[in-house]
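**Student:** Structure below; questions to follow.
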Amino acid sequence: AILRKWPNLFNGAFNPLNLQPMVSASHQIMNSKQSPSKIAYKILMEKEPIFPVRLLEKWTFDLNFDTTLEILKAAFNSTYKLTISTNLRAFQFKLLHRILPTNHLLYLWKIKDSNSCSFCGQDVETFRHVFWDCFVIRNFWMNVKDWLMRKTGITYEFNVIDIMLLLVKEDAPLVLLTVLLIGKVFIYKCRNLNTVPSIGSFEIYLNEYIKIEYEIAVKSNKILSHFRKWDLLEEN
């Protein structure tokens with residue numbers, strides 16, 4: 001199928017006097033064994049992303065951290081290094097774009113009658129609160145930290161910036177950041193189910209995810225990368 005906005009996607013504003021970008025993209029599709037959608041995705045990913053200034057300002061305010069354009073780009077790129085799961089990538093994508101529904105947003109959209117936190121019921125359920133500031137969630141993250149130390153022998157001191165942006169760092173193995181990403185998804189799942197997140201339930205949830213990622217890795221021929229990433233948890 002031909003994309004309706006093909007000219008705009010590959011060349012910004014359509015210029016009828018310069019069809020070279022469209023011709024080049026068409027040649028890539030005709031001369032490749034990959035599906036057209038995969039090639040279109042690759043071309044789109046190579047384009048320079050544009051983020052609204054307001055998005056940077058909101059994250060800077062929420063995290064009390066100078067969230068520059070380069071940092072936000074790194075945050076988006078980190079997600080693709082941490083997981084091959086499209087569901088996890090979509091979750092982090094929505095969070096970084098600040099479109100993941102919270103009671104604060106649902107209240108503003110007049111969908112909910114209260115903006116209170118689903119866990120503590122005391123403060124407004126913002127992104128930062130539901131994934132970090134809430135005392136119920138802080139207790140959960142403390143348990144995750146202790147669990148990681150028992151499993152890996154590594155004491156990983158993470159903060160709200162690590163939790164929200166998941167920036168890849170030299171002193172943080174990918175598996176640790178992946179656990180934080182899955183932890184956020186687990187928190188949000190518990191929020192939707194009106195249950196309190198516990199380390200026992202999280203470990204079960206994490207193991208189920210690892211099985212799913214293994215199946216994806218087998219199908220995509222990335223099994224070695226899968227084992228390299230998760231070895232740190234399996235060894236202990």
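Residue numbering restarts at 1 for every chain of the structure tokens, chains are lettered A, B, ... in their displayed order, and ligands are numbered from 1 as they appear.
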If we count only C-alpha atoms, what is near region 61-76 of chain A at a cut-off of 12 Å, once residues fewer than 5 positions away on the same chain are taken out, given as a compact mmCIF listing (two decimals) with all heavy atoms, in the first residue's frame?
**Tutor:**
# COMPACT_ATOMS: atom_id res chain seq x y z
N MET A 45 13.13 6.61 10.71
CA MET A 45 13.97 6.63 11.89
C MET A 45 15.27 7.39 11.65
O MET A 45 15.89 7.89 12.59
CB MET A 45 14.28 5.21 12.36
CG MET A 45 13.09 4.49 12.98
SD MET A 45 12.43 5.35 14.42
CE MET A 45 13.80 5.18 15.57
N GLU A 48 15.79 13.41 11.33
CA GLU A 48 16.06 14.13 12.58
C GLU A 48 14.76 14.38 13.32
O GLU A 48 13.84 15.02 12.78
CB GLU A 48 16.75 15.45 12.28
CG GLU A 48 17.22 16.21 13.50
CD GLU A 48 18.43 15.56 14.16
OE1 GLU A 48 19.04 14.65 13.57
OE2 GLU A 48 18.77 16.00 15.29
N PRO A 49 14.62 13.88 14.55
CA PRO A 49 13.37 14.09 15.28
C PRO A 49 13.22 15.55 15.71
O PRO A 49 14.20 16.25 15.98
CB PRO A 49 13.52 13.17 16.51
CG PRO A 49 14.99 13.05 16.71
CD PRO A 49 15.59 13.09 15.33
N ILE A 50 11.97 16.01 15.79
CA ILE A 50 11.68 17.36 16.21
C ILE A 50 10.77 17.29 17.45
O ILE A 50 9.69 16.72 17.38
CB ILE A 50 10.98 18.17 15.10
CG1 ILE A 50 11.88 18.25 13.86
CG2 ILE A 50 10.62 19.58 15.59
CD1 ILE A 50 11.23 18.93 12.68
N PHE A 51 11.25 17.84 18.58
CA PHE A 51 10.47 17.82 19.81
C PHE A 51 10.01 19.23 20.15
O PHE A 51 10.79 20.18 20.04
CB PHE A 51 11.31 17.27 20.97
CG PHE A 51 11.80 15.87 20.75
CD1 PHE A 51 13.16 15.61 20.56
CD2 PHE A 51 10.92 14.81 20.75
CE1 PHE A 51 13.61 14.32 20.36
CE2 PHE A 51 11.36 13.51 20.57
CZ PHE A 51 12.71 13.27 20.37
N PRO A 52 8.76 19.37 20.55
CA PRO A 52 8.28 20.70 20.96
C PRO A 52 9.08 21.22 22.16
O PRO A 52 9.44 20.46 23.06
CB PRO A 52 6.82 20.44 21.35
CG PRO A 52 6.46 19.13 20.72
CD PRO A 52 7.73 18.34 20.66
N VAL A 53 9.36 22.51 22.15
CA VAL A 53 10.10 23.12 23.25
C VAL A 53 9.34 22.91 24.56
O VAL A 53 9.95 22.69 25.61
CB VAL A 53 10.30 24.63 22.98
CG1 VAL A 53 10.94 25.31 24.20
CG2 VAL A 53 11.17 24.84 21.75
N ARG A 54 8.02 22.94 24.49
CA ARG A 54 7.20 22.79 25.69
C ARG A 54 7.44 21.43 26.35
O ARG A 54 7.39 21.31 27.58
CB ARG A 54 5.72 22.94 25.33
CG ARG A 54 4.77 22.93 26.52
CD ARG A 54 5.01 24.12 27.41
NE ARG A 54 4.05 24.14 28.51
CZ ARG A 54 4.32 24.57 29.71
NH1 ARG A 54 5.53 25.02 30.00
NH2 ARG A 54 3.41 24.57 30.67
N LEU A 55 7.70 20.39 25.55
CA LEU A 55 7.96 19.06 26.09
C LEU A 55 9.25 19.06 26.90
O LEU A 55 9.31 18.49 28.01
CB LEU A 55 8.06 18.04 24.95
CG LEU A 55 8.27 16.58 25.34
CD1 LEU A 55 7.07 16.05 26.12
CD2 LEU A 55 8.50 15.72 24.10
N LEU A 56 10.28 19.71 26.39
CA LEU A 56 11.55 19.81 27.12
C LEU A 56 11.36 20.60 28.41
O LEU A 56 11.92 20.22 29.45
CB LEU A 56 12.60 20.49 26.24
CG LEU A 56 12.91 19.82 24.89
CD1 LEU A 56 13.89 20.68 24.10
CD2 LEU A 56 13.49 18.43 25.10
N LYS A 81 17.59 0.22 22.84
CA LYS A 81 18.73 -0.57 23.28
C LYS A 81 18.34 -1.53 24.41
O LYS A 81 18.98 -2.57 24.58
CB LYS A 81 19.86 0.34 23.76
CG LYS A 81 20.43 1.24 22.67
CD LYS A 81 21.50 2.17 23.24
CE LYS A 81 22.03 3.12 22.17
NZ LYS A 81 23.06 4.05 22.73
N LEU A 82 17.30 -1.17 25.15
CA LEU A 82 16.93 -1.95 26.33
C LEU A 82 16.04 -3.13 26.01
O LEU A 82 16.11 -4.16 26.69
CB LEU A 82 16.23 -1.05 27.36
CG LEU A 82 17.03 0.12 27.91
CD1 LEU A 82 16.20 0.91 28.90
CD2 LEU A 82 18.31 -0.37 28.56
N THR A 83 15.19 -3.01 25.01
CA THR A 83 14.21 -4.07 24.78
C THR A 83 13.86 -4.18 23.31
O THR A 83 13.92 -3.20 22.56
CB THR A 83 12.92 -3.79 25.59
OG1 THR A 83 11.96 -4.81 25.32
CG2 THR A 83 12.33 -2.44 25.23
N ARG A 89 8.43 -0.65 24.32
CA ARG A 89 8.86 0.54 23.60
C ARG A 89 7.72 1.55 23.47
O ARG A 89 7.92 2.76 23.65
CB ARG A 89 9.37 0.16 22.21
CG ARG A 89 10.71 -0.56 22.21
CD ARG A 89 11.09 -0.99 20.80
NE ARG A 89 12.42 -1.60 20.77
CZ ARG A 89 12.98 -2.10 19.66
NH1 ARG A 89 12.31 -2.04 18.51
NH2 ARG A 89 14.18 -2.62 19.71
N ALA A 90 6.53 1.05 23.19
CA ALA A 90 5.37 1.93 23.05
C ALA A 90 5.04 2.61 24.37
O ALA A 90 4.67 3.79 24.41
CB ALA A 90 4.17 1.13 22.55
N PHE A 91 5.17 1.85 25.47
CA PHE A 91 4.90 2.41 26.79
C PHE A 91 5.84 3.58 27.09
O PHE A 91 5.39 4.67 27.48
CB PHE A 91 5.07 1.33 27.86
CG PHE A 91 4.93 1.84 29.27
CD1 PHE A 91 3.69 1.87 29.88
CD2 PHE A 91 6.04 2.27 29.99
CE1 PHE A 91 3.54 2.35 31.19
CE2 PHE A 91 5.91 2.74 31.29
CZ PHE A 91 4.66 2.78 31.88
N GLN A 92 7.14 3.38 26.89
CA GLN A 92 8.11 4.44 27.17
C GLN A 92 7.95 5.60 26.21
O GLN A 92 8.13 6.77 26.59
CB GLN A 92 9.53 3.87 27.10
CG GLN A 92 10.63 4.85 27.45
CD GLN A 92 10.63 5.27 28.93
OE1 GLN A 92 9.80 4.83 29.71
NE2 GLN A 92 11.55 6.12 29.30
N PHE A 93 7.58 5.31 24.97
CA PHE A 93 7.34 6.36 23.99
C PHE A 93 6.20 7.27 24.45
O PHE A 93 6.30 8.50 24.40
CB PHE A 93 6.98 5.71 22.64
CG PHE A 93 6.70 6.69 21.53
CD1 PHE A 93 7.73 7.17 20.74
CD2 PHE A 93 5.40 7.12 21.28
CE1 PHE A 93 7.47 8.08 19.71
CE2 PHE A 93 5.13 8.03 20.26
CZ PHE A 93 6.17 8.51 19.48
N LYS A 94 5.12 6.67 24.93
CA LYS A 94 3.98 7.46 25.42
C LYS A 94 4.37 8.27 26.65
O LYS A 94 3.95 9.43 26.80
CB LYS A 94 2.82 6.54 25.76
CG LYS A 94 2.17 5.87 24.56
CD LYS A 94 1.07 4.91 24.99
CE LYS A 94 0.47 4.20 23.80
NZ LYS A 94 -0.58 3.23 24.23
N LEU A 95 5.16 7.66 27.54
CA LEU A 95 5.57 8.38 28.74
C LEU A 95 6.45 9.57 28.40
O LEU A 95 6.24 10.68 28.91
CB LEU A 95 6.31 7.43 29.69
CG LEU A 95 6.87 8.06 30.97
CD1 LEU A 95 5.74 8.69 31.79
CD2 LEU A 95 7.60 7.03 31.80
N LEU A 96 7.45 9.36 27.54
CA LEU A 96 8.35 10.46 27.18
C LEU A 96 7.61 11.58 26.46
O LEU A 96 7.95 12.76 26.61
CB LEU A 96 9.49 9.94 26.31
CG LEU A 96 10.51 9.02 27.01
CD1 LEU A 96 11.53 8.50 26.02
CD2 LEU A 96 11.20 9.76 28.16
N HIS A 97 6.58 11.21 25.70
CA HIS A 97 5.77 12.24 25.03
C HIS A 97 4.68 12.79 25.94
O HIS A 97 3.91 13.66 25.53
CB HIS A 97 5.13 11.66 23.76
CG HIS A 97 6.02 11.73 22.56
ND1 HIS A 97 6.37 12.93 21.97
CD2 HIS A 97 6.63 10.76 21.83
CE1 HIS A 97 7.15 12.70 20.93
NE2 HIS A 97 7.33 11.39 20.82
N ARG A 98 4.62 12.24 27.18
CA ARG A 98 3.70 12.72 28.21
C ARG A 98 2.23 12.56 27.78
O ARG A 98 1.38 13.43 28.04
CB ARG A 98 4.00 14.18 28.55
CG ARG A 98 5.43 14.42 29.01
CD ARG A 98 5.70 15.89 29.28
NE ARG A 98 4.96 16.38 30.42
CZ ARG A 98 5.38 16.33 31.68
NH1 ARG A 98 6.57 15.80 31.96
NH2 ARG A 98 4.64 16.81 32.66
N THR A 126 0.53 12.67 39.02
CA THR A 126 1.31 13.12 37.87
C THR A 126 2.25 11.99 37.45
O THR A 126 2.33 10.96 38.11
CB THR A 126 2.14 14.35 38.24
OG1 THR A 126 3.03 14.00 39.32
CG2 THR A 126 1.25 15.51 38.68
N PHE A 127 2.98 12.20 36.37
CA PHE A 127 3.95 11.19 35.92
C PHE A 127 4.98 10.94 37.01
O PHE A 127 5.28 9.78 37.35
CB PHE A 127 4.65 11.64 34.63
CG PHE A 127 3.72 11.81 33.47
CD1 PHE A 127 3.54 13.05 32.88
CD2 PHE A 127 3.03 10.73 32.96
CE1 PHE A 127 2.69 13.22 31.81
CE2 PHE A 127 2.17 10.88 31.88
CZ PHE A 127 2.00 12.13 31.31
N ARG A 128 5.54 12.02 37.53
CA ARG A 128 6.58 11.87 38.54
C ARG A 128 6.03 11.21 39.80
O ARG A 128 6.69 10.35 40.39
CB ARG A 128 7.19 13.23 38.89
CG ARG A 128 8.18 13.15 40.04
CD ARG A 128 8.89 14.44 40.31
NE ARG A 128 9.74 14.28 41.50
CZ ARG A 128 10.98 14.71 41.60
NH1 ARG A 128 11.55 15.33 40.59
NH2 ARG A 128 11.67 14.52 42.71
N HIS A 129 4.84 11.59 40.21
CA HIS A 129 4.30 11.04 41.45
C HIS A 129 4.03 9.54 41.34
O HIS A 129 4.45 8.77 42.21
CB HIS A 129 3.01 11.76 41.83
CG HIS A 129 2.40 11.23 43.10
ND1 HIS A 129 2.82 11.62 44.35
CD2 HIS A 129 1.43 10.29 43.31
CE1 HIS A 129 2.15 10.97 45.27
NE2 HIS A 129 1.28 10.15 44.67
N PHE A 131 5.21 7.29 39.40
CA PHE A 131 6.36 6.42 39.14
C PHE A 131 7.53 6.65 40.10
O PHE A 131 8.52 5.94 40.04
CB PHE A 131 6.86 6.59 37.70
CG PHE A 131 5.90 6.04 36.68
CD1 PHE A 131 5.31 6.88 35.76
CD2 PHE A 131 5.59 4.70 36.65
CE1 PHE A 131 4.41 6.39 34.82
CE2 PHE A 131 4.71 4.19 35.71
CZ PHE A 131 4.11 5.04 34.79
N TRP A 132 7.38 7.64 41.04
CA TRP A 132 8.51 7.89 41.92
C TRP A 132 8.13 8.46 43.28
O TRP A 132 8.45 7.90 44.32
CB TRP A 132 9.52 8.83 41.27
CG TRP A 132 10.73 9.10 42.11
CD1 TRP A 132 11.01 10.24 42.81
CD2 TRP A 132 11.82 8.20 42.37
NE1 TRP A 132 12.21 10.13 43.48
CE2 TRP A 132 12.73 8.86 43.23
CE3 TRP A 132 12.12 6.90 41.96
CZ2 TRP A 132 13.90 8.28 43.68
CZ3 TRP A 132 13.30 6.31 42.42
CH2 TRP A 132 14.17 7.00 43.26
N ASP A 133 7.44 9.59 43.33
CA ASP A 133 7.22 10.31 44.58
C ASP A 133 6.27 9.62 45.55
O ASP A 133 6.42 9.77 46.77
CB ASP A 133 6.71 11.73 44.30
CG ASP A 133 7.81 12.64 43.79
OD1 ASP A 133 8.99 12.31 44.00
OD2 ASP A 133 7.49 13.68 43.18
N ASN A 159 17.74 7.04 40.62
CA ASN A 159 16.94 8.18 41.07
C ASN A 159 15.80 8.41 40.10
O ASN A 159 15.57 7.63 39.17
CB ASN A 159 17.83 9.43 41.19
CG ASN A 159 18.57 9.72 39.91
OD1 ASN A 159 18.05 9.55 38.82
ND2 ASN A 159 19.82 10.16 40.03
N VAL A 160 15.07 9.51 40.30
CA VAL A 160 13.89 9.76 39.48
C VAL A 160 14.26 9.97 38.01
O VAL A 160 13.50 9.59 37.11
CB VAL A 160 13.12 10.99 40.01
CG1 VAL A 160 13.96 12.26 39.94
CG2 VAL A 160 11.81 11.17 39.26
N ILE A 161 15.43 10.53 37.74
CA ILE A 161 15.86 10.73 36.35
C ILE A 161 16.12 9.38 35.69
O ILE A 161 15.74 9.16 34.53
CB ILE A 161 17.12 11.62 36.30
CG1 ILE A 161 16.80 13.00 36.88
CG2 ILE A 161 17.64 11.75 34.87
CD1 ILE A 161 18.02 13.88 37.08
N ASP A 162 16.76 8.47 36.41
CA ASP A 162 16.98 7.12 35.88
C ASP A 162 15.66 6.43 35.58
O ASP A 162 15.50 5.78 34.54
CB ASP A 162 17.79 6.28 36.87
CG ASP A 162 19.17 6.84 37.13
OD1 ASP A 162 19.80 7.30 36.16
OD2 ASP A 162 19.61 6.82 38.29
N ILE A 163 14.71 6.56 36.50
CA ILE A 163 13.43 5.89 36.36
C ILE A 163 12.66 6.43 35.15
O ILE A 163 12.12 5.66 34.35
CB ILE A 163 12.57 6.06 37.63
CG1 ILE A 163 13.21 5.32 38.81
CG2 ILE A 163 11.14 5.57 37.39
CD1 ILE A 163 13.24 3.82 38.66
N MET A 164 12.62 7.72 35.00
CA MET A 164 11.79 8.33 33.96
C MET A 164 12.45 8.28 32.58
O MET A 164 11.80 7.95 31.59
CB MET A 164 11.46 9.78 34.32
CG MET A 164 10.79 9.94 35.67
SD MET A 164 9.28 8.97 35.86
CE MET A 164 8.14 9.93 34.88
N LEU A 165 13.74 8.60 32.50
CA LEU A 165 14.40 8.71 31.19
C LEU A 165 15.14 7.45 30.75
O LEU A 165 15.33 7.23 29.56
CB LEU A 165 15.36 9.90 31.20
CG LEU A 165 14.75 11.27 31.52
CD1 LEU A 165 15.82 12.36 31.41
CD2 LEU A 165 13.57 11.58 30.60
N LEU A 166 15.57 6.64 31.71
CA LEU A 166 16.28 5.38 31.40
C LEU A 166 17.49 5.61 30.49
O LEU A 166 17.69 4.90 29.51
CB LEU A 166 15.32 4.38 30.74
CG LEU A 166 14.14 3.91 31.58
CD1 LEU A 166 13.17 3.10 30.72
CD2 LEU A 166 14.61 3.07 32.76
N LEU A 167 18.29 6.61 30.82
CA LEU A 167 19.47 6.92 30.01
C LEU A 167 20.53 5.85 30.20
O LEU A 167 20.88 5.51 31.33
CB LEU A 167 20.03 8.29 30.39
CG LEU A 167 19.10 9.48 30.14
CD1 LEU A 167 19.69 10.75 30.74
CD2 LEU A 167 18.84 9.66 28.65
N VAL A 168 21.03 5.31 29.11
CA VAL A 168 22.08 4.28 29.17
C VAL A 168 23.36 4.91 29.67
O VAL A 168 23.82 5.94 29.15
CB VAL A 168 22.29 3.65 27.79
CG1 VAL A 168 23.48 2.69 27.83
CG2 VAL A 168 21.03 2.90 27.35
N LYS A 169 23.96 4.31 30.70
CA LYS A 169 25.21 4.81 31.27
C LYS A 169 26.21 3.66 31.39
O LYS A 169 25.84 2.49 31.46
CB LYS A 169 24.93 5.41 32.66
CG LYS A 169 23.98 6.60 32.64
CD LYS A 169 23.78 7.18 34.03
CE LYS A 169 22.99 6.25 34.91
NZ LYS A 169 22.63 6.85 36.21
N LEU A 177 18.67 -1.39 33.70
CA LEU A 177 17.76 -0.39 33.17
C LEU A 177 16.51 -1.05 32.59
O LEU A 177 15.41 -0.50 32.68
CB LEU A 177 18.45 0.44 32.09
CG LEU A 177 19.56 1.38 32.58
CD1 LEU A 177 20.30 2.01 31.42
CD2 LEU A 177 18.99 2.45 33.49
N LEU A 181 12.55 -0.36 33.47
CA LEU A 181 11.50 -0.14 32.48
C LEU A 181 10.33 -1.08 32.74
O LEU A 181 9.16 -0.66 32.75
CB LEU A 181 12.05 -0.35 31.07
CG LEU A 181 11.03 -0.36 29.93
CD1 LEU A 181 10.23 0.93 29.91
CD2 LEU A 181 11.73 -0.59 28.59
**Student:** Neighbours of region 186-197 of chain A within 7 Å (only C-alpha atoms; same-chain residues fewer than 3 positions away dropped), as a list in words?
**Tutor:**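 My list of contacting residues is Ser118, Phe119, Phe140, Ile182, Gly183 and Phe202 of chain A.
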**Student:** Within region 65-192 of chain A, find each residue whose DSSP state, derived from the backbone, is alpha helix (DSSP H), and express the selection as a ChimeraX atom specification.
**Tutor:** /A:69-82,86-96,103-108,127-128,135-152,160-165,174-192
**Student:** Only C-alpha atoms, please: the residues just picked out, written as a tab-separated table (two decimals), in the first residue's frame.
**Tutor:**
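After the write, selection.tsv holds the following:
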chain	number	residue	atom	x	y	z
A	69	LEU	CA	17.15	18.16	23.22
A	70	GLU	CA	20.19	15.87	23.21
A	71	ILE	CA	19.13	14.23	26.49
A	72	LEU	CA	15.58	13.62	25.28
A	73	LYS	CA	16.90	12.11	22.05
A	74	ALA	CA	19.14	9.84	24.11
A	75	ALA	CA	16.15	8.82	26.22
A	76	PHE	CA	14.18	7.77	23.15
A	77	ASN	CA	17.18	5.90	21.74
A	78	SER	CA	17.80	4.12	25.05
A	79	THR	CA	14.45	2.37	24.82
A	80	TYR	CA	15.52	0.58	21.64
A	81	LYS	CA	18.73	-0.57	23.28
A	82	LEU	CA	16.93	-1.95	26.33
A	86	THR	CA	7.17	-3.32	20.92
A	87	ASN	CA	4.82	-3.09	23.93
A	88	LEU	CA	7.57	-1.84	26.24
A	89	ARG	CA	8.86	0.54	23.60
A	90	ALA	CA	5.37	1.93	23.05
A	91	PHE	CA	4.90	2.41	26.79
A	92	GLN	CA	8.11	4.44	27.17
A	93	PHE	CA	7.34	6.36	23.99
A	94	LYS	CA	3.98	7.46	25.42
A	95	LEU	CA	5.57	8.38	28.74
A	96	LEU	CA	8.35	10.46	27.18
A	103	ASN	CA	-5.44	10.63	36.84
A	104	HIS	CA	-4.08	14.15	36.47
A	105	LEU	CA	-4.57	14.06	32.70
A	106	LEU	CA	-7.86	12.16	32.88
A	107	TYR	CA	-9.18	14.77	35.29
A	108	LEU	CA	-8.16	17.60	32.96
A	127	PHE	CA	3.95	11.19	35.92
A	128	ARG	CA	6.58	11.87	38.54
A	135	PHE	CA	5.37	6.55	49.18
A	136	VAL	CA	3.83	3.26	47.99
A	137	ILE	CA	6.01	3.36	44.88
A	138	ARG	CA	9.14	4.48	46.75
A	139	ASN	CA	8.75	1.40	48.93
A	140	PHE	CA	8.39	-0.76	45.82
A	141	TRP	CA	11.58	0.67	44.28
A	142	MET	CA	13.48	0.07	47.53
A	143	ASN	CA	12.43	-3.57	47.35
A	144	VAL	CA	13.50	-3.73	43.70
A	145	LYS	CA	16.89	-2.29	44.64
A	146	ASP	CA	17.36	-4.93	47.37
A	147	TRP	CA	16.19	-7.66	44.99
A	148	LEU	CA	18.67	-6.56	42.31
A	149	MET	CA	21.49	-6.58	44.86
A	150	ARG	CA	20.62	-10.15	45.88
A	151	LYS	CA	20.32	-11.31	42.27
A	152	THR	CA	23.33	-9.53	40.76
A	160	VAL	CA	13.89	9.76	39.48
A	161	ILE	CA	15.86	10.73	36.35
A	162	ASP	CA	16.98	7.12	35.88
A	163	ILE	CA	13.43	5.89	36.36
A	164	MET	CA	11.79	8.33	33.96
A	165	LEU	CA	14.40	8.71	31.19
A	174	LEU	CA	21.47	-2.79	30.26
A	175	VAL	CA	19.70	-5.47	32.25
A	176	LEU	CA	19.33	-3.14	35.25
A	177	LEU	CA	17.76	-0.39	33.17
A	178	THR	CA	15.52	-2.96	31.49
A	179	VAL	CA	14.32	-4.07	34.92
A	180	LEU	CA	13.47	-0.44	35.73
A	181	LEU	CA	11.50	-0.14	32.48
A	182	ILE	CA	9.58	-3.34	33.21
A	183	GLY	CA	9.09	-2.07	36.77
A	184	LYS	CA	7.36	1.04	35.45
A	185	VAL	CA	5.11	-1.02	33.20
A	186	PHE	CA	4.30	-3.24	36.20
A	187	ILE	CA	3.45	-0.19	38.33
A	188	TYR	CA	1.11	1.09	35.65
A	189	LYS	CA	-0.51	-2.32	35.32
A	190	CYS	CA	-1.09	-2.42	39.09
A	191	ARG	CA	-2.54	1.09	38.88
A	192	ASN	CA	-5.06	-0.05	36.28
**Student:** Quick one: distance from CA of Glu213 (chain A) to CA of Ser85 (chain A) in Å, one decimal?
**Tutor:**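 Those two atoms sit 6.6 Å apart.
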